[in-house]
Amino acid sequence: MNFLVSFLNSMPNAIGQGLAWGIMAVGVYITYKILDIADLTVDGSLATGGAVAAVLITMGWDPWLAMLMALIAGMLAGLITGLLHTACGIPAILAGILTQLALYSINLRIMALNDIITMGAAAAKTKPTLALNPDRNALALSSRYVRDLALNNPLLLLAVAVAVVIGVLYWFFGTELGSSLRATGANGNMARAQGINTNRAKVLGLVISNGLVALSGALLAQYSGSATIDMGRGAIVIGLAAVIIGQVLFKKIFHNFSLKLLSAVIGAIIYYTVITLVLRLGLESTDLKLLTAAVVALFLSIPYLKKKYFTKKSRKGGKSNA
Amino acid sequence: MLDLVGIRKTFNIGTVNEKTALRGVDLHLDDGDFVTVIGGNGAGKSTLLNAVAGTWPVDEGTISIGGVDVTHLAEHKRAKYIGRVFQDPMMGTAATMQIEENLALAARRGQHRTLKRGITREEREEYKKLLEMLDLGLEDRLTSKVGLLSGGQRQALTLLMATLKKPQLLLLDEHTAALDPKTAAKVLDATERIVNRDKLTTLMITHNMRDAIVHGNRLIMMYDGQIVLDISGEAKKHLTVEDLLARFGQTTGSSEADDKLLLS
Ligand SMILES: Nc1ncnc2c1ncn2[C@@H]1O[C@H](COP(=O)(O)OP(=O)(O)O)[C@@H](O)[C@H]1O
Ligand SMILES: [Mg+2]
């Protein structure tokens, strides 16, 4: 009974985390499902979003303007990965890893931006954490009010943000330009034969995706009260988990594109609900990455294992593929 | 319409897999020419079409379409002039997109893609009519995912897509080879109708010599990266399969014409 109460008590927070990560998951959906690219930039660009928003807010910027800047910073990160991949011919996975690594240094600099401006780059110390406090900083949202029945409840703002993001993407992917991105991911040959610049489409997809991921980071930093240098570590796996959970659960009933995006958000909420549950059950928070990796590995391998199992059955006595 | 001068292409240069696929091909097509292309496996037919389409840059030679030099133009830019149907039915369409979405993509070939709607209501009506013409029962399945269609349906759809926006040049690479005979005949029939209707300048590769003779106003045969036979006008009208086999033997000095040509 006690356990149930404490679990239910932490549900609003799980939903808040899930909604904020849901925007990140939608970004992952764009690269992973639509463009068929596994983009590892996101681990860096999530932290970039958090860092940009946090540092600008501590410098007294309006939180909405700070979030806009975070979005733009994320888009730039996506642009770099996109150009490394298409203009320099580096495999997409490696291009993402390179940007992610570079962003680690850049994010530390971003978080020290205030000091760099006031004392100069040489004297400024890099900071791995920037704290945000609703009493001292102007924040657009904070988890402090997550149980309040008031307009400043962060769940409200997060739900609206999710709705706006899904709405805009639904519109965009229905346009000529958006369709060309979908065609690029679905069949590059066909896309080029129809005159689509597939390289440009990939870059654009990476830009949009990382912009959303950074926006998610900016929301998360305010929600949780800090931006940290490693807030994005393993983000790609969490994003994939959300996308895959959403897909597995809602594949049969959600056919509309906007609902598919929504299923990634719901996937993120379910993910954080499960995480909250296992934490209550006594798992250490440091064990979560292992759990997440195991869950994603399992779900990703299901289609392959299924196929292998069925082929073996139907090909009795055939050569086994070692 | 199409001018190829001295086209050469070698794959995997400097490796053990080095293979010269085109050794100096010259070809001129007049406006409205419907040319069938035959030749054994590995003769360079697909490579020739890919060179024109710009799948990769050629090593030597120039390519111009309608007087425009496209030799150094990227594949997606050349698409403005070219409609294509591939041998593999999976290659010409996007499986995860709807039939009408595929058509709408094709209707915008060579155009700048904007933030306007990807497909309009008027377009849907038009697509329905065009699909009716194919007679494959696709007109009522506009919103079906293309991945659900059969190979023949996909190939017919690709043909429609290639010609939806009238191309200056239509490239068909054994586009009926992967289909069952009945469907192949249907797709070929649709090809003939569309090419005649729009007077399309066409290069059609086929492995079927009878089709090569029946269709088009000109026939070329490739062997070892070169055009070894070029027959048009009255001469082509009276051509027989036996003629072709004999001519093949003469030009290549090979007596295995049957194997090389028919079994390819
Ligand atoms: N992309 C490629 N890479 C390497 N070799 C190729 C490539 N495309 C074609 N070839 C080789 O070029 C030769 C001609 O091939 P192709 O044009 O496909 O012949 P076909 O007349 O049967 O269509 C073949 O030996 C083939 O293996
Ligand atoms: Mg071929």
# chains A, B, ... in the order shown; residues from 1 in each chain; ligands from 1

call {"tool": "select_by_dssp", "arguments": {"residues": "region 136-291 of chain A", "states": "helix (DSSP H, G or I)", "output": "count of residues only"}}
result
113

call {"tool": "residues_near_ligand", "arguments": {"ligand": "ligand 1", "cutoff": "6 Å", "atoms": "only C-alpha atoms and all ligand atoms", "output": "list of chain:residue names"}}
result
B:Phe11, B:Ala21, B:Asn41, B:Gly42, B:Ala43, B:Gly44, B:Lys45, B:Ser46, B:Thr47

call {"tool": "write_last_selection", "arguments": {"atoms": "all heavy atoms", "output": "PDB file, in the first residue's frame"}}
result
ATOM      1  N   PHE B  11      34.719   0.253 -64.202  1.00  0.00           N
ATOM      2  CA  PHE B  11      34.439   0.129 -62.769  1.00  0.00           C
ATOM      3  C   PHE B  11      35.658  -0.406 -62.039  1.00  0.00           C
ATOM      4  O   PHE B  11      36.452  -1.154 -62.603  1.00  0.00           O
ATOM      5  CB  PHE B  11      33.254  -0.819 -62.530  1.00  0.00           C
ATOM      6  CG  PHE B  11      31.946  -0.268 -63.013  1.00  0.00           C
ATOM      7  CD1 PHE B  11      31.326  -0.783 -64.138  1.00  0.00           C
ATOM      8  CD2 PHE B  11      31.336   0.782 -62.333  1.00  0.00           C
ATOM      9  CE1 PHE B  11      30.111  -0.273 -64.583  1.00  0.00           C
ATOM     10  CE2 PHE B  11      30.127   1.291 -62.773  1.00  0.00           C
ATOM     11  CZ  PHE B  11      29.522   0.769 -63.900  1.00  0.00           C
ATOM     12  N   ALA B  21      33.110  -1.360 -68.805  1.00  0.00           N
ATOM     13  CA  ALA B  21      31.742  -1.695 -69.178  1.00  0.00           C
ATOM     14  C   ALA B  21      31.304  -0.959 -70.442  1.00  0.00           C
ATOM     15  O   ALA B  21      30.441  -1.436 -71.170  1.00  0.00           O
ATOM     16  CB  ALA B  21      30.791  -1.370 -68.032  1.00  0.00           C
ATOM     17  N   ASN B  41      24.132 -10.756 -71.373  1.00  0.00           N
ATOM     18  CA  ASN B  41      24.385 -10.366 -69.993  1.00  0.00           C
ATOM     19  C   ASN B  41      25.763  -9.723 -69.871  1.00  0.00           C
ATOM     20  O   ASN B  41      26.733 -10.270 -70.358  1.00  0.00           O
ATOM     21  CB  ASN B  41      24.363 -11.619 -69.117  1.00  0.00           C
ATOM     22  CG  ASN B  41      23.370 -11.473 -68.001  1.00  0.00           C
ATOM     23  OD1 ASN B  41      23.015 -10.350 -67.643  1.00  0.00           O
ATOM     24  ND2 ASN B  41      22.931 -12.583 -67.465  1.00  0.00           N
ATOM     25  N   GLY B  42      25.831  -8.571 -69.251  1.00  0.00           N
ATOM     26  CA  GLY B  42      27.118  -7.915 -69.047  1.00  0.00           C
ATOM     27  C   GLY B  42      27.620  -7.152 -70.250  1.00  0.00           C
ATOM     28  O   GLY B  42      28.758  -6.690 -70.272  1.00  0.00           O
ATOM     29  N   ALA B  43      26.775  -6.984 -71.274  1.00  0.00           N
ATOM     30  CA  ALA B  43      27.195  -6.271 -72.480  1.00  0.00           C
ATOM     31  C   ALA B  43      27.354  -4.771 -72.225  1.00  0.00           C
ATOM     32  O   ALA B  43      28.008  -4.071 -72.997  1.00  0.00           O
ATOM     33  CB  ALA B  43      26.178  -6.497 -73.592  1.00  0.00           C
ATOM     34  N   GLY B  44      26.740  -4.276 -71.161  1.00  0.00           N
ATOM     35  CA  GLY B  44      26.869  -2.854 -70.842  1.00  0.00           C
ATOM     36  C   GLY B  44      25.586  -2.065 -71.053  1.00  0.00           C
ATOM     37  O   GLY B  44      25.604  -0.826 -71.035  1.00  0.00           O
ATOM     38  N   LYS B  45      24.480  -2.759 -71.223  1.00  0.00           N
ATOM     39  CA  LYS B  45      23.207  -2.073 -71.490  1.00  0.00           C
ATOM     40  C   LYS B  45      22.783  -1.207 -70.301  1.00  0.00           C
ATOM     41  O   LYS B  45      22.491  -0.021 -70.456  1.00  0.00           O
ATOM     42  CB  LYS B  45      22.099  -3.106 -71.792  1.00  0.00           C
ATOM     43  CG  LYS B  45      22.449  -4.082 -72.903  1.00  0.00           C
ATOM     44  CD  LYS B  45      21.325  -5.054 -73.189  1.00  0.00           C
ATOM     45  CE  LYS B  45      20.968  -5.973 -72.028  1.00  0.00           C
ATOM     46  NZ  LYS B  45      22.019  -6.951 -71.674  1.00  0.00           N
ATOM     47  N   SER B  46      22.739  -1.817 -69.124  1.00  0.00           N
ATOM     48  CA  SER B  46      22.340  -1.050 -67.939  1.00  0.00           C
ATOM     49  C   SER B  46      23.329   0.077 -67.670  1.00  0.00           C
ATOM     50  O   SER B  46      22.938   1.186 -67.300  1.00  0.00           O
ATOM     51  CB  SER B  46      22.261  -1.959 -66.712  1.00  0.00           C
ATOM     52  OG  SER B  46      21.269  -2.933 -66.892  1.00  0.00           O
ATOM     53  N   THR B  47      24.606  -0.226 -67.859  1.00  0.00           N
ATOM     54  CA  THR B  47      25.634   0.792 -67.637  1.00  0.00           C
ATOM     55  C   THR B  47      25.392   1.996 -68.551  1.00  0.00           C
ATOM     56  O   THR B  47      25.551   3.146 -68.135  1.00  0.00           O
ATOM     57  CB  THR B  47      27.033   0.190 -67.885  1.00  0.00           C
ATOM     58  OG1 THR B  47      27.177  -0.967 -67.072  1.00  0.00           O
ATOM     59  CG2 THR B  47      28.116   1.181 -67.530  1.00  0.00           C
TER      60      THR B  47
END

call {"tool": "interface_residues", "arguments": {"of": "chain A", "to": "chain B", "cutoff": "7 Å", "atoms": "only C-alpha atoms", "output": "ChimeraX atom specification"}}
result
/A:174-177,179,183,186-187,189-190,192-197

call {"tool": "write_last_selection", "arguments": {"atoms": "N, CA, C and O atoms", "output": "PDB file, in the first residue's frame"}}
result
ATOM      1  N   GLY A 174       3.743  16.828 -44.701  1.00  0.00           N
ATOM      2  CA  GLY A 174       2.730  16.772 -45.747  1.00  0.00           C
ATOM      3  C   GLY A 174       3.024  17.723 -46.896  1.00  0.00           C
ATOM      4  O   GLY A 174       2.345  17.700 -47.913  1.00  0.00           O
ATOM      5  N   THR A 175       4.046  18.559 -46.740  1.00  0.00           N
ATOM      6  CA  THR A 175       4.382  19.491 -47.817  1.00  0.00           C
ATOM      7  C   THR A 175       5.262  18.802 -48.857  1.00  0.00           C
ATOM      8  O   THR A 175       5.730  17.679 -48.642  1.00  0.00           O
ATOM      9  N   GLU A 176       5.478  19.499 -49.967  1.00  0.00           N
ATOM     10  CA  GLU A 176       6.355  18.949 -51.014  1.00  0.00           C
ATOM     11  C   GLU A 176       7.743  18.661 -50.458  1.00  0.00           C
ATOM     12  O   GLU A 176       8.320  17.601 -50.699  1.00  0.00           O
ATOM     13  N   LEU A 177       8.253  19.623 -49.685  1.00  0.00           N
ATOM     14  CA  LEU A 177       9.589  19.475 -49.121  1.00  0.00           C
ATOM     15  C   LEU A 177       9.638  18.314 -48.125  1.00  0.00           C
ATOM     16  O   LEU A 177      10.544  17.471 -48.168  1.00  0.00           O
ATOM     17  N   SER A 179       7.658  15.757 -47.984  1.00  0.00           N
ATOM     18  CA  SER A 179       7.506  14.491 -48.708  1.00  0.00           C
ATOM     19  C   SER A 179       8.834  14.049 -49.300  1.00  0.00           C
ATOM     20  O   SER A 179       9.124  12.855 -49.369  1.00  0.00           O
ATOM     21  N   ALA A 183      10.590  10.439 -48.904  1.00  0.00           N
ATOM     22  CA  ALA A 183      11.007   9.641 -50.058  1.00  0.00           C
ATOM     23  C   ALA A 183      12.483   9.282 -49.952  1.00  0.00           C
ATOM     24  O   ALA A 183      12.879   8.163 -50.267  1.00  0.00           O
ATOM     25  N   ALA A 186      12.766   6.478 -47.583  1.00  0.00           N
ATOM     26  CA  ALA A 186      12.084   5.260 -48.028  1.00  0.00           C
ATOM     27  C   ALA A 186      12.829   4.584 -49.170  1.00  0.00           C
ATOM     28  O   ALA A 186      12.927   3.362 -49.218  1.00  0.00           O
ATOM     29  N   ASN A 187      13.355   5.354 -50.098  1.00  0.00           N
ATOM     30  CA  ASN A 187      14.043   4.792 -51.266  1.00  0.00           C
ATOM     31  C   ASN A 187      14.851   5.887 -51.950  1.00  0.00           C
ATOM     32  O   ASN A 187      14.333   6.651 -52.762  1.00  0.00           O
ATOM     33  N   ASN A 189      17.109   5.771 -54.249  1.00  0.00           N
ATOM     34  CA  ASN A 189      17.158   5.641 -55.706  1.00  0.00           C
ATOM     35  C   ASN A 189      15.980   6.306 -56.369  1.00  0.00           C
ATOM     36  O   ASN A 189      16.110   7.048 -57.337  1.00  0.00           O
ATOM     37  N   MET A 190      14.810   5.961 -55.840  1.00  0.00           N
ATOM     38  CA  MET A 190      13.577   6.515 -56.370  1.00  0.00           C
ATOM     39  C   MET A 190      13.582   8.027 -56.200  1.00  0.00           C
ATOM     40  O   MET A 190      13.222   8.763 -57.101  1.00  0.00           O
ATOM     41  N   ARG A 192      16.075  10.152 -55.994  1.00  0.00           N
ATOM     42  CA  ARG A 192      16.967  10.835 -56.948  1.00  0.00           C
ATOM     43  C   ARG A 192      16.390  10.787 -58.349  1.00  0.00           C
ATOM     44  O   ARG A 192      16.456  11.767 -59.095  1.00  0.00           O
ATOM     45  N   ALA A 193      15.788   9.640 -58.713  1.00  0.00           N
ATOM     46  CA  ALA A 193      15.192   9.534 -60.042  1.00  0.00           C
ATOM     47  C   ALA A 193      14.041  10.534 -60.201  1.00  0.00           C
ATOM     48  O   ALA A 193      13.689  10.914 -61.307  1.00  0.00           O
ATOM     49  N   GLN A 194      13.459  10.949 -59.097  1.00  0.00           N
ATOM     50  CA  GLN A 194      12.380  11.947 -59.159  1.00  0.00           C
ATOM     51  C   GLN A 194      12.921  13.355 -58.917  1.00  0.00           C
ATOM     52  O   GLN A 194      12.163  14.284 -58.634  1.00  0.00           O
ATOM     53  N   GLY A 195      14.239  13.486 -58.986  1.00  0.00           N
ATOM     54  CA  GLY A 195      14.830  14.822 -58.929  1.00  0.00           C
ATOM     55  C   GLY A 195      15.034  15.370 -57.533  1.00  0.00           C
ATOM     56  O   GLY A 195      15.247  16.571 -57.359  1.00  0.00           O
ATOM     57  N   ILE A 196      14.978  14.495 -56.523  1.00  0.00           N
ATOM     58  CA  ILE A 196      15.161  14.982 -55.149  1.00  0.00           C
ATOM     59  C   ILE A 196      16.644  14.923 -54.787  1.00  0.00           C
ATOM     60  O   ILE A 196      17.308  13.905 -55.012  1.00  0.00           O
ATOM     61  N   ASN A 197      17.142  16.010 -54.239  1.00  0.00           N
ATOM     62  CA  ASN A 197      18.524  16.052 -53.769  1.00  0.00           C
ATOM     63  C   ASN A 197      18.561  15.336 -52.421  1.00  0.00           C
ATOM     64  O   ASN A 197      18.282  15.920 -51.375  1.00  0.00           O
TER      65      ASN A 197
END

call {"tool": "residues_around", "arguments": {"residues": "Pro12 (chain A)", "least_positions_apart": "4", "cutoff": "8 Å", "atoms": "only C-alpha atoms", "output": "PyMOL selection string"}}
result
chain A and resi 8+16+146-147+155

call {"tool": "write_last_selection", "arguments": {"atoms": "N, CA and C atoms", "output": "PDB file, in the first residue's frame"}}
result
ATOM      1  N   LEU A   8       2.413   6.219  -7.029  1.00  0.00           N
ATOM      2  CA  LEU A   8       1.437   7.124  -7.640  1.00  0.00           C
ATOM      3  C   LEU A   8       1.848   8.579  -7.438  1.00  0.00           C
ATOM      4  N   GLY A  16       5.983  14.122 -16.585  1.00  0.00           N
ATOM      5  CA  GLY A  16       6.712  15.325 -17.003  1.00  0.00           C
ATOM      6  C   GLY A  16       8.004  14.977 -17.721  1.00  0.00           C
ATOM      7  N   VAL A 146       4.795  20.410 -10.220  1.00  0.00           N
ATOM      8  CA  VAL A 146       4.223  19.343 -11.036  1.00  0.00           C
ATOM      9  C   VAL A 146       2.945  18.756 -10.416  1.00  0.00           C
ATOM     10  N   ARG A 147       2.727  18.969  -9.110  1.00  0.00           N
ATOM     11  CA  ARG A 147       1.497  18.450  -8.502  1.00  0.00           C
ATOM     12  C   ARG A 147       0.478  19.550  -8.256  1.00  0.00           C
ATOM     13  N   LEU A 155       3.344  20.211 -16.563  1.00  0.00           N
ATOM     14  CA  LEU A 155       2.734  19.223 -17.460  1.00  0.00           C
ATOM     15  C   LEU A 155       1.895  19.906 -18.535  1.00  0.00           C
TER      16      LEU A 155
END

call {"tool": "residues_around", "arguments": {"residues": "Met69 (chain A)", "least_positions_apart": "4", "cutoff": "8 Å", "atoms": "only C-alpha atoms", "output": "ChimeraX atom specification"}}
result
/A:52-53,65,73

call {"tool": "residues_near_ligand", "arguments": {"ligand": "ligand 2", "cutoff": "12 Å", "atoms": "only C-alpha atoms and all ligand atoms", "output": "VMD selection string"}}
result
chain B and resid 21 37 to 50 86 to 88 172 to 175 177 to 178 204 to 207 222 264

call {"tool": "residues_around", "arguments": {"residues": "Asn199 (chain A)", "least_positions_apart": "3", "cutoff": "9 Å", "atoms": "only C-alpha atoms", "output": "VMD selection string"}}
result
chain A and resid 82 to 83 85 to 87 184 196 202 to 204

call {"tool": "residues_around", "arguments": {"residues": "Leu259 (chain A)", "least_positions_apart": "6", "cutoff": "12 Å", "atoms": "only C-alpha atoms", "output": "number ranges by chain"}}
result
A: 26, 162-163, 166-167, 169-170, 246-247, 250-253, 265-267

call {"tool": "write_last_selection", "arguments": {"atoms": "N, CA, C and O atoms", "output": "PDB file, in the first residue's frame"}}
result
ATOM      1  N   VAL A  26      10.665  12.284 -30.606  1.00  0.00           N
ATOM      2  CA  VAL A  26      10.130  12.669 -31.912  1.00  0.00           C
ATOM      3  C   VAL A  26      11.287  13.039 -32.847  1.00  0.00           C
ATOM      4  O   VAL A  26      11.287  12.690 -34.033  1.00  0.00           O
ATOM      5  N   VAL A 162       4.395  19.541 -26.809  1.00  0.00           N
ATOM      6  CA  VAL A 162       4.332  18.303 -27.586  1.00  0.00           C
ATOM      7  C   VAL A 162       3.311  18.439 -28.718  1.00  0.00           C
ATOM      8  O   VAL A 162       3.573  18.090 -29.871  1.00  0.00           O
ATOM      9  N   ALA A 163       2.147  18.991 -28.381  1.00  0.00           N
ATOM     10  CA  ALA A 163       1.088  19.141 -29.386  1.00  0.00           C
ATOM     11  C   ALA A 163       1.544  20.051 -30.523  1.00  0.00           C
ATOM     12  O   ALA A 163       1.318  19.754 -31.697  1.00  0.00           O
ATOM     13  N   ILE A 166       4.206  18.230 -32.683  1.00  0.00           N
ATOM     14  CA  ILE A 166       3.597  17.215 -33.547  1.00  0.00           C
ATOM     15  C   ILE A 166       2.784  17.882 -34.661  1.00  0.00           C
ATOM     16  O   ILE A 166       2.836  17.478 -35.820  1.00  0.00           O
ATOM     17  N   GLY A 167       2.062  18.941 -34.298  1.00  0.00           N
ATOM     18  CA  GLY A 167       1.256  19.649 -35.297  1.00  0.00           C
ATOM     19  C   GLY A 167       2.115  20.219 -36.417  1.00  0.00           C
ATOM     20  O   GLY A 167       1.820  20.043 -37.604  1.00  0.00           O
ATOM     21  N   LEU A 169       5.150  19.313 -37.314  1.00  0.00           N
ATOM     22  CA  LEU A 169       5.780  18.251 -38.097  1.00  0.00           C
ATOM     23  C   LEU A 169       4.775  17.576 -39.020  1.00  0.00           C
ATOM     24  O   LEU A 169       5.095  17.213 -40.144  1.00  0.00           O
ATOM     25  N   TYR A 170       3.552  17.410 -38.524  1.00  0.00           N
ATOM     26  CA  TYR A 170       2.503  16.810 -39.354  1.00  0.00           C
ATOM     27  C   TYR A 170       2.283  17.659 -40.599  1.00  0.00           C
ATOM     28  O   TYR A 170       2.195  17.150 -41.721  1.00  0.00           O
ATOM     29  N   GLY A 246       6.697   2.761 -28.355  1.00  0.00           N
ATOM     30  CA  GLY A 246       5.514   3.344 -28.986  1.00  0.00           C
ATOM     31  C   GLY A 246       5.098   2.552 -30.210  1.00  0.00           C
ATOM     32  O   GLY A 246       3.907   2.290 -30.427  1.00  0.00           O
ATOM     33  N   GLN A 247       6.083   2.148 -30.980  1.00  0.00           N
ATOM     34  CA  GLN A 247       5.776   1.421 -32.215  1.00  0.00           C
ATOM     35  C   GLN A 247       5.175   0.050 -31.918  1.00  0.00           C
ATOM     36  O   GLN A 247       4.168  -0.345 -32.508  1.00  0.00           O
ATOM     37  N   PHE A 250       1.541   0.552 -30.438  1.00  0.00           N
ATOM     38  CA  PHE A 250       0.476   1.243 -31.165  1.00  0.00           C
ATOM     39  C   PHE A 250       0.494   1.027 -32.681  1.00  0.00           C
ATOM     40  O   PHE A 250      -0.293   1.621 -33.400  1.00  0.00           O
ATOM     41  N   LYS A 251       1.408   0.171 -33.140  1.00  0.00           N
ATOM     42  CA  LYS A 251       1.554  -0.065 -34.578  1.00  0.00           C
ATOM     43  C   LYS A 251       0.221  -0.410 -35.225  1.00  0.00           C
ATOM     44  O   LYS A 251      -0.123   0.063 -36.304  1.00  0.00           O
ATOM     45  N   LYS A 252      -0.538  -1.267 -34.536  1.00  0.00           N
ATOM     46  CA  LYS A 252      -1.765  -1.788 -35.123  1.00  0.00           C
ATOM     47  C   LYS A 252      -2.896  -0.774 -35.158  1.00  0.00           C
ATOM     48  O   LYS A 252      -3.798  -0.873 -35.984  1.00  0.00           O
ATOM     49  N   ILE A 253      -2.872   0.196 -34.220  1.00  0.00           N
ATOM     50  CA  ILE A 253      -4.022   1.096 -34.152  1.00  0.00           C
ATOM     51  C   ILE A 253      -3.725   2.520 -34.644  1.00  0.00           C
ATOM     52  O   ILE A 253      -4.627   3.221 -35.064  1.00  0.00           O
ATOM     53  N   VAL A 265       6.016   9.736 -28.195  1.00  0.00           N
ATOM     54  CA  VAL A 265       5.906  10.490 -26.938  1.00  0.00           C
ATOM     55  C   VAL A 265       5.328   9.601 -25.839  1.00  0.00           C
ATOM     56  O   VAL A 265       5.837   9.561 -24.720  1.00  0.00           O
ATOM     57  N   ILE A 266       4.290   8.861 -26.184  1.00  0.00           N
ATOM     58  CA  ILE A 266       3.696   7.954 -25.195  1.00  0.00           C
ATOM     59  C   ILE A 266       4.730   6.906 -24.788  1.00  0.00           C
ATOM     60  O   ILE A 266       4.833   6.533 -23.617  1.00  0.00           O
ATOM     61  N   GLY A 267       5.525   6.467 -25.776  1.00  0.00           N
ATOM     62  CA  GLY A 267       6.597   5.526 -25.480  1.00  0.00           C
ATOM     63  C   GLY A 267       7.549   6.092 -24.432  1.00  0.00           C
ATOM     64  O   GLY A 267       7.979   5.387 -23.517  1.00  0.00           O
TER      65      GLY A 267
END
